[in-house]
>>> print(open('data29.cif').read())   # mmCIF, N, CA and C atoms
data_coords
#
loop_
_atom_site.label_atom_id
_atom_site.label_comp_id
_atom_site.auth_asym_id
_atom_site.auth_seq_id
_atom_site.Cartn_x
_atom_site.Cartn_y
_atom_site.Cartn_z
N MET A 70 39.54 -89.30 34.82
CA MET A 70 39.66 -88.03 35.54
C MET A 70 40.75 -88.14 36.60
N ALA A 71 41.63 -87.17 36.63
CA ALA A 71 42.71 -87.14 37.62
C ALA A 71 42.13 -86.94 39.01
N HIS A 72 42.74 -87.63 39.97
CA HIS A 72 42.29 -87.47 41.36
C HIS A 72 43.50 -87.07 42.19
N ILE A 73 43.44 -85.89 42.75
CA ILE A 73 44.54 -85.38 43.56
C ILE A 73 44.05 -85.29 45.00
N GLU A 74 44.74 -85.98 45.88
CA GLU A 74 44.38 -85.99 47.29
C GLU A 74 44.73 -84.66 47.94
N LEU A 75 43.83 -84.16 48.77
CA LEU A 75 44.07 -82.92 49.50
C LEU A 75 45.27 -83.08 50.43
N THR A 76 45.39 -84.25 51.05
CA THR A 76 46.51 -84.51 51.97
C THR A 76 47.84 -84.38 51.24
N GLU A 77 47.87 -84.84 50.00
CA GLU A 77 49.07 -84.75 49.16
C GLU A 77 49.47 -83.28 48.97
N LEU A 78 48.48 -82.43 48.69
CA LEU A 78 48.76 -81.00 48.50
C LEU A 78 49.16 -80.33 49.81
N LYS A 79 48.54 -80.72 50.90
CA LYS A 79 48.90 -80.16 52.21
C LYS A 79 50.36 -80.46 52.54
N GLU A 80 50.76 -81.72 52.30
CA GLU A 80 52.15 -82.12 52.57
C GLU A 80 53.12 -81.38 51.67
N LEU A 81 52.76 -81.21 50.40
CA LEU A 81 53.59 -80.46 49.45
C LEU A 81 53.78 -79.02 49.94
N LEU A 82 52.69 -78.43 50.40
CA LEU A 82 52.71 -77.05 50.91
C LEU A 82 53.60 -76.93 52.15
N VAL A 83 53.38 -77.78 53.13
CA VAL A 83 54.13 -77.71 54.39
C VAL A 83 55.62 -77.96 54.16
N GLU A 84 55.94 -78.97 53.36
CA GLU A 84 57.34 -79.32 53.11
C GLU A 84 58.08 -78.25 52.31
N ASN A 85 57.47 -77.76 51.24
CA ASN A 85 58.17 -76.83 50.36
C ASN A 85 58.21 -75.40 50.87
N CYS A 86 57.25 -75.03 51.70
CA CYS A 86 57.22 -73.67 52.24
C CYS A 86 57.67 -73.65 53.69
N MET A 87 58.15 -74.79 54.17
CA MET A 87 58.67 -74.93 55.53
C MET A 87 57.75 -74.31 56.58
N LEU A 88 56.47 -74.64 56.48
CA LEU A 88 55.49 -74.12 57.43
C LEU A 88 55.64 -74.83 58.76
N LYS A 89 55.52 -74.07 59.84
CA LYS A 89 55.60 -74.64 61.17
C LYS A 89 54.18 -74.93 61.67
N MET A 90 53.47 -75.73 60.90
CA MET A 90 52.12 -76.12 61.30
C MET A 90 51.87 -77.53 60.81
N ASP A 91 50.92 -78.18 61.45
CA ASP A 91 50.56 -79.54 61.09
C ASP A 91 49.62 -79.51 59.89
N VAL A 92 49.70 -80.54 59.04
CA VAL A 92 48.83 -80.58 57.86
C VAL A 92 47.35 -80.58 58.25
N ASP A 93 47.04 -81.09 59.44
CA ASP A 93 45.65 -81.13 59.91
C ASP A 93 45.08 -79.74 60.20
N GLU A 94 45.95 -78.76 60.36
CA GLU A 94 45.51 -77.38 60.65
C GLU A 94 45.11 -76.63 59.37
N ILE A 95 45.37 -77.22 58.22
CA ILE A 95 45.10 -76.57 56.94
C ILE A 95 43.88 -77.23 56.30
N SER A 96 42.89 -76.42 55.97
CA SER A 96 41.72 -76.97 55.28
C SER A 96 41.80 -76.62 53.80
N GLU A 97 40.88 -77.16 53.05
CA GLU A 97 40.83 -76.89 51.61
C GLU A 97 40.58 -75.41 51.33
N ASP A 98 39.87 -74.74 52.24
CA ASP A 98 39.50 -73.34 52.06
C ASP A 98 40.40 -72.34 52.77
N THR A 99 41.41 -72.82 53.50
CA THR A 99 42.31 -71.91 54.22
C THR A 99 43.09 -71.08 53.20
N PRO A 100 43.01 -69.74 53.31
CA PRO A 100 43.77 -68.90 52.37
C PRO A 100 45.28 -69.16 52.52
N LEU A 101 45.99 -69.09 51.42
CA LEU A 101 47.44 -69.27 51.46
C LEU A 101 48.16 -67.95 51.73
N PHE A 102 47.53 -66.83 51.38
CA PHE A 102 48.13 -65.50 51.55
C PHE A 102 47.17 -64.58 52.28
N GLY A 103 47.72 -63.55 52.95
CA GLY A 103 46.89 -62.52 53.55
C GLY A 103 46.38 -62.88 54.94
N PRO A 104 45.45 -62.06 55.44
CA PRO A 104 44.91 -62.25 56.80
C PRO A 104 44.19 -63.59 56.94
N GLY A 105 44.42 -64.26 58.06
CA GLY A 105 43.77 -65.54 58.33
C GLY A 105 44.30 -66.69 57.48
N SER A 106 45.47 -66.48 56.91
CA SER A 106 46.04 -67.49 55.98
C SER A 106 47.11 -68.32 56.68
N VAL A 107 47.73 -69.21 55.90
CA VAL A 107 48.87 -69.97 56.41
C VAL A 107 50.14 -69.11 56.42
N GLY A 108 50.07 -67.91 55.83
CA GLY A 108 51.17 -66.95 55.92
C GLY A 108 52.23 -67.04 54.85
N LEU A 109 51.86 -67.44 53.65
CA LEU A 109 52.85 -67.51 52.58
C LEU A 109 53.23 -66.11 52.09
N ASP A 110 54.46 -66.00 51.58
CA ASP A 110 54.90 -64.77 50.94
C ASP A 110 55.27 -65.09 49.49
N SER A 111 55.82 -64.12 48.79
CA SER A 111 56.11 -64.31 47.35
C SER A 111 57.16 -65.40 47.11
N ILE A 112 58.12 -65.55 48.01
CA ILE A 112 59.13 -66.60 47.85
C ILE A 112 58.48 -67.97 48.03
N ASP A 113 57.57 -68.07 49.02
CA ASP A 113 56.84 -69.32 49.21
C ASP A 113 56.03 -69.67 47.97
N ALA A 114 55.41 -68.66 47.37
CA ALA A 114 54.60 -68.88 46.16
C ALA A 114 55.48 -69.47 45.05
N LEU A 115 56.68 -68.94 44.90
CA LEU A 115 57.61 -69.45 43.90
C LEU A 115 58.00 -70.89 44.20
N GLN A 116 58.32 -71.17 45.46
CA GLN A 116 58.70 -72.53 45.85
C GLN A 116 57.55 -73.50 45.61
N LEU A 117 56.34 -73.07 45.92
CA LEU A 117 55.18 -73.93 45.73
C LEU A 117 54.91 -74.19 44.25
N THR A 118 55.04 -73.17 43.41
CA THR A 118 54.80 -73.38 41.98
C THR A 118 55.86 -74.31 41.37
N VAL A 119 57.09 -74.19 41.84
CA VAL A 119 58.16 -75.09 41.37
C VAL A 119 57.87 -76.52 41.82
N ALA A 120 57.43 -76.69 43.05
CA ALA A 120 57.10 -78.02 43.58
C ALA A 120 55.94 -78.65 42.81
N VAL A 121 54.94 -77.85 42.50
CA VAL A 121 53.77 -78.34 41.73
C VAL A 121 54.23 -78.77 40.34
N GLU A 122 55.08 -77.97 39.72
CA GLU A 122 55.56 -78.30 38.37
C GLU A 122 56.38 -79.60 38.40
N LYS A 123 57.24 -79.75 39.41
CA LYS A 123 58.05 -80.96 39.53
C LYS A 123 57.19 -82.20 39.75
N LYS A 124 56.24 -82.10 40.65
CA LYS A 124 55.43 -83.26 41.03
C LYS A 124 54.40 -83.63 39.97
N TYR A 125 53.76 -82.63 39.38
CA TYR A 125 52.65 -82.90 38.46
C TYR A 125 52.97 -82.58 37.00
N GLY A 126 54.15 -81.98 36.74
CA GLY A 126 54.53 -81.66 35.37
C GLY A 126 53.68 -80.56 34.75
N THR A 127 53.11 -79.70 35.61
CA THR A 127 52.21 -78.66 35.14
C THR A 127 52.70 -77.29 35.63
N PRO A 128 53.30 -76.49 34.75
CA PRO A 128 53.78 -75.18 35.18
C PRO A 128 52.65 -74.16 35.32
N ILE A 129 52.81 -73.27 36.28
CA ILE A 129 51.89 -72.14 36.43
C ILE A 129 52.68 -70.92 35.98
N THR A 130 52.48 -70.52 34.72
CA THR A 130 53.34 -69.48 34.14
C THR A 130 52.72 -68.08 34.17
N ASP A 131 51.42 -68.00 34.11
CA ASP A 131 50.73 -66.70 34.06
C ASP A 131 50.49 -66.18 35.48
N PRO A 132 51.05 -64.99 35.82
CA PRO A 132 50.87 -64.44 37.16
C PRO A 132 49.40 -64.25 37.56
N GLN A 133 48.58 -63.90 36.60
CA GLN A 133 47.15 -63.70 36.86
C GLN A 133 46.50 -65.02 37.27
N ILE A 134 46.82 -66.07 36.55
CA ILE A 134 46.29 -67.39 36.86
C ILE A 134 46.86 -67.88 38.18
N ALA A 135 48.13 -67.63 38.41
CA ALA A 135 48.78 -68.06 39.66
C ALA A 135 48.06 -67.47 40.88
N ARG A 136 47.64 -66.21 40.80
CA ARG A 136 46.92 -65.58 41.91
C ARG A 136 45.63 -66.32 42.22
N GLN A 137 44.93 -66.73 41.17
CA GLN A 137 43.66 -67.46 41.36
C GLN A 137 43.91 -68.89 41.84
N VAL A 138 44.88 -69.55 41.23
CA VAL A 138 45.17 -70.94 41.54
C VAL A 138 45.69 -71.09 42.97
N LEU A 139 46.51 -70.15 43.42
CA LEU A 139 47.13 -70.25 44.75
C LEU A 139 46.32 -69.54 45.83
N GLU A 140 45.05 -69.34 45.59
CA GLU A 140 44.19 -68.74 46.61
C GLU A 140 44.08 -69.64 47.84
N ASN A 141 43.83 -70.93 47.60
CA ASN A 141 43.77 -71.93 48.66
C ASN A 141 44.03 -73.30 48.01
N LEU A 142 44.07 -74.34 48.83
CA LEU A 142 44.38 -75.66 48.28
C LEU A 142 43.23 -76.21 47.43
N GLY A 143 42.03 -75.79 47.70
CA GLY A 143 40.89 -76.20 46.89
C GLY A 143 41.01 -75.69 45.46
N SER A 144 41.38 -74.41 45.33
CA SER A 144 41.53 -73.83 43.98
C SER A 144 42.72 -74.46 43.25
N LEU A 145 43.78 -74.78 43.99
CA LEU A 145 44.95 -75.44 43.39
C LEU A 145 44.56 -76.84 42.91
N ARG A 146 43.83 -77.58 43.73
CA ARG A 146 43.42 -78.94 43.35
C ARG A 146 42.50 -78.92 42.12
N THR A 147 41.55 -77.99 42.09
CA THR A 147 40.64 -77.87 40.95
C THR A 147 41.42 -77.57 39.67
N TRP A 148 42.35 -76.63 39.74
CA TRP A 148 43.15 -76.24 38.58
C TRP A 148 44.01 -77.41 38.10
N LEU A 149 44.68 -78.08 39.05
CA LEU A 149 45.53 -79.21 38.69
C LEU A 149 44.72 -80.32 38.02
N THR A 150 43.54 -80.61 38.56
CA THR A 150 42.69 -81.64 37.98
C THR A 150 42.34 -81.30 36.54
N ARG A 151 41.99 -80.04 36.29
CA ARG A 151 41.67 -79.61 34.92
C ARG A 151 42.87 -79.76 34.00
N GLN A 152 44.04 -79.36 34.50
CA GLN A 152 45.25 -79.44 33.66
C GLN A 152 45.60 -80.89 33.33
N LEU A 153 45.50 -81.77 34.31
CA LEU A 153 45.89 -83.15 34.10
C LEU A 153 44.87 -83.90 33.25
N ASP A 154 43.63 -83.44 33.25
CA ASP A 154 42.58 -84.07 32.45
C ASP A 154 42.55 -83.55 31.01
N ALA A 155 43.23 -82.43 30.78
CA ALA A 155 43.19 -81.80 29.44
C ALA A 155 43.96 -82.62 28.41
#
>>> encode(input="data29.cif", output="structure tokens")
Amino acid sequence: MAHIELTELKELLVENCMLKMDVDEISEDTPLFGPGSVGLDSIDALQLTVAVEKKYGTPITDPQIARQVLENLGSLRTWLTRQLDA
């Protein structure tokens, strides 16, 4: 079973979306978009999906799935684990 560290995803998020926040401020359940979120926009979503594909070799091609997967880092980690275990 693939094991993806939450810290790894936090760093990927902060680096690729140029967030001005510390990785410790982001939890597994922190929304990535909308109110109370880390404040990503559509360009950030694209940068994050490209970074995920580069790092893990797993593209997120379906916009419907992308909305669910990029809800928070927990949903991204769950999805990635499933993809890498398939």
>>> resolve_selection(input="data29.cif", expression="the PyMOL selection byres (((chain A and resi 85-101 and name CA) around 9) and name CA)", output="number ranges by chain")
A: 75-76, 79-84, 102-110, 112-114, 116-117, 120, 139-144, 146
>>> atom_distance(input="data29.cif", atom1="atom C of Ser111 of chain A", atom2="atom C of Ala135 of chain A")
11.2 Å
>>> atom_distance(input="data29.cif", atom1="atom N of Leu115 of chain A", atom2="atom C of Leu153 of chain A")
22.3 Å
>>> residues_around(input="data29.cif", residues="Thr127 of chain A", least_positions_apart="3", cutoff="8 Å", atoms="all atoms listed in the file", output="list of chain:residue names")
A:Thr118, A:Ala120, A:Val121, A:Glu122, A:Lys123, A:Lys124, A:Thr130, A:Leu149, A:Gln152, A:Leu153
>>> atom_distance(input="data29.cif", atom1="atom CA of Thr150 of chain A", atom2="atom C of Met70 of chain A")
6.9 Å
>>> select_by_dssp(input="data29.cif", residues="segment 80-153 of chain A", states="alpha helix (DSSP H)", output="ChimeraX atom specification")
/A:80-85,111-125,132-138,142-153
>>> decode(input="data29.cif", residues="chain A", atoms="C-alpha atoms", output="short mmCIF file (atom, residue, chain, number, x, y, z; two decimals), in the first residue's frame")
data_model
loop_
_atom_site.label_atom_id
_atom_site.label_comp_id
_atom_site.auth_asym_id
_atom_site.auth_seq_id
_atom_site.Cartn_x
_atom_site.Cartn_y
_atom_site.Cartn_z
CA MET A 70 0.00 0.00 0.00
CA ALA A 71 1.32 3.43 -0.97
CA HIS A 72 2.03 5.78 1.90
CA ILE A 73 1.95 9.49 1.19
CA GLU A 74 3.04 11.82 3.97
CA LEU A 75 0.76 14.77 4.69
CA THR A 76 3.84 16.97 5.16
CA GLU A 77 4.94 16.06 1.63
CA LEU A 78 1.59 17.25 0.24
CA LYS A 79 1.65 20.43 2.35
CA GLU A 80 5.09 21.31 0.99
CA LEU A 81 3.97 20.55 -2.58
CA LEU A 82 0.97 22.85 -2.08
CA VAL A 83 2.91 25.75 -0.53
CA GLU A 84 5.76 25.59 -3.06
CA ASN A 85 3.69 25.21 -6.23
CA CYS A 86 0.93 27.65 -5.31
CA MET A 87 3.35 30.13 -3.72
CA LEU A 88 1.28 30.35 -0.55
CA LYS A 89 2.44 32.87 2.02
CA MET A 90 1.75 30.55 4.93
CA ASP A 91 3.65 27.97 6.92
CA VAL A 92 2.96 24.29 6.27
CA ASP A 93 2.04 23.95 9.97
CA GLU A 94 -0.96 26.25 9.38
CA ILE A 95 -2.52 23.76 6.95
CA SER A 96 -4.35 20.71 8.27
CA GLU A 97 -5.56 17.66 6.42
CA ASP A 98 -9.11 19.06 6.51
CA THR A 99 -8.34 22.69 5.58
CA PRO A 100 -10.33 23.53 2.43
CA LEU A 101 -8.18 24.47 -0.55
CA PHE A 102 -10.86 26.71 -2.14
CA GLY A 103 -13.61 29.01 -0.89
CA PRO A 104 -14.34 30.54 2.52
CA GLY A 105 -12.00 29.49 5.34
CA SER A 106 -9.59 27.94 2.85
CA VAL A 107 -5.93 28.42 1.98
CA GLY A 108 -7.22 30.65 -0.85
CA LEU A 109 -6.44 28.77 -4.04
CA ASP A 110 -7.85 29.91 -7.37
CA SER A 111 -8.19 28.12 -10.71
CA ILE A 112 -4.58 28.84 -11.72
CA ASP A 113 -3.37 27.38 -8.42
CA ALA A 114 -5.51 24.30 -9.06
CA LEU A 115 -3.80 23.84 -12.43
CA GLN A 116 -0.34 24.29 -10.91
CA LEU A 117 -1.15 21.81 -8.17
CA THR A 118 -2.48 19.17 -10.57
CA VAL A 119 0.65 19.53 -12.73
CA ALA A 120 2.86 19.19 -9.63
CA VAL A 121 0.95 16.08 -8.50
CA GLU A 122 1.31 14.53 -11.95
CA LYS A 123 5.05 15.28 -12.05
CA LYS A 124 5.75 13.98 -8.56
CA TYR A 125 3.48 10.94 -8.49
CA GLY A 126 2.94 10.21 -12.20
CA THR A 127 -0.83 10.38 -11.71
CA PRO A 128 -2.79 12.86 -13.84
CA ILE A 129 -6.09 14.33 -12.66
CA THR A 130 -7.88 14.67 -16.00
CA ASP A 131 -11.59 14.69 -15.15
CA PRO A 132 -12.80 18.12 -13.88
CA GLN A 133 -15.50 16.45 -11.79
CA ILE A 134 -12.96 14.23 -10.05
CA ALA A 135 -10.55 17.15 -9.68
CA ARG A 136 -13.19 19.09 -7.69
CA GLN A 137 -13.54 16.19 -5.26
CA VAL A 138 -9.84 15.36 -5.08
CA LEU A 139 -8.76 18.97 -4.50
CA GLU A 140 -11.27 19.64 -1.73
CA ASN A 141 -8.53 19.36 0.91
CA LEU A 142 -5.22 17.56 1.41
CA GLY A 143 -6.94 14.59 3.02
CA SER A 144 -9.04 13.95 -0.08
CA LEU A 145 -5.96 14.41 -2.30
CA ARG A 146 -3.95 11.93 -0.20
CA THR A 147 -6.79 9.35 -0.24
CA TRP A 148 -7.16 9.64 -4.02
CA LEU A 149 -3.41 9.43 -4.64
CA THR A 150 -3.12 6.36 -2.43
CA ARG A 151 -5.88 4.63 -4.40
CA GLN A 152 -4.28 5.55 -7.72
CA LEU A 153 -0.81 4.36 -6.71
CA ASP A 154 -2.19 1.11 -5.27
CA ALA A 155 -4.25 0.32 -8.39
#
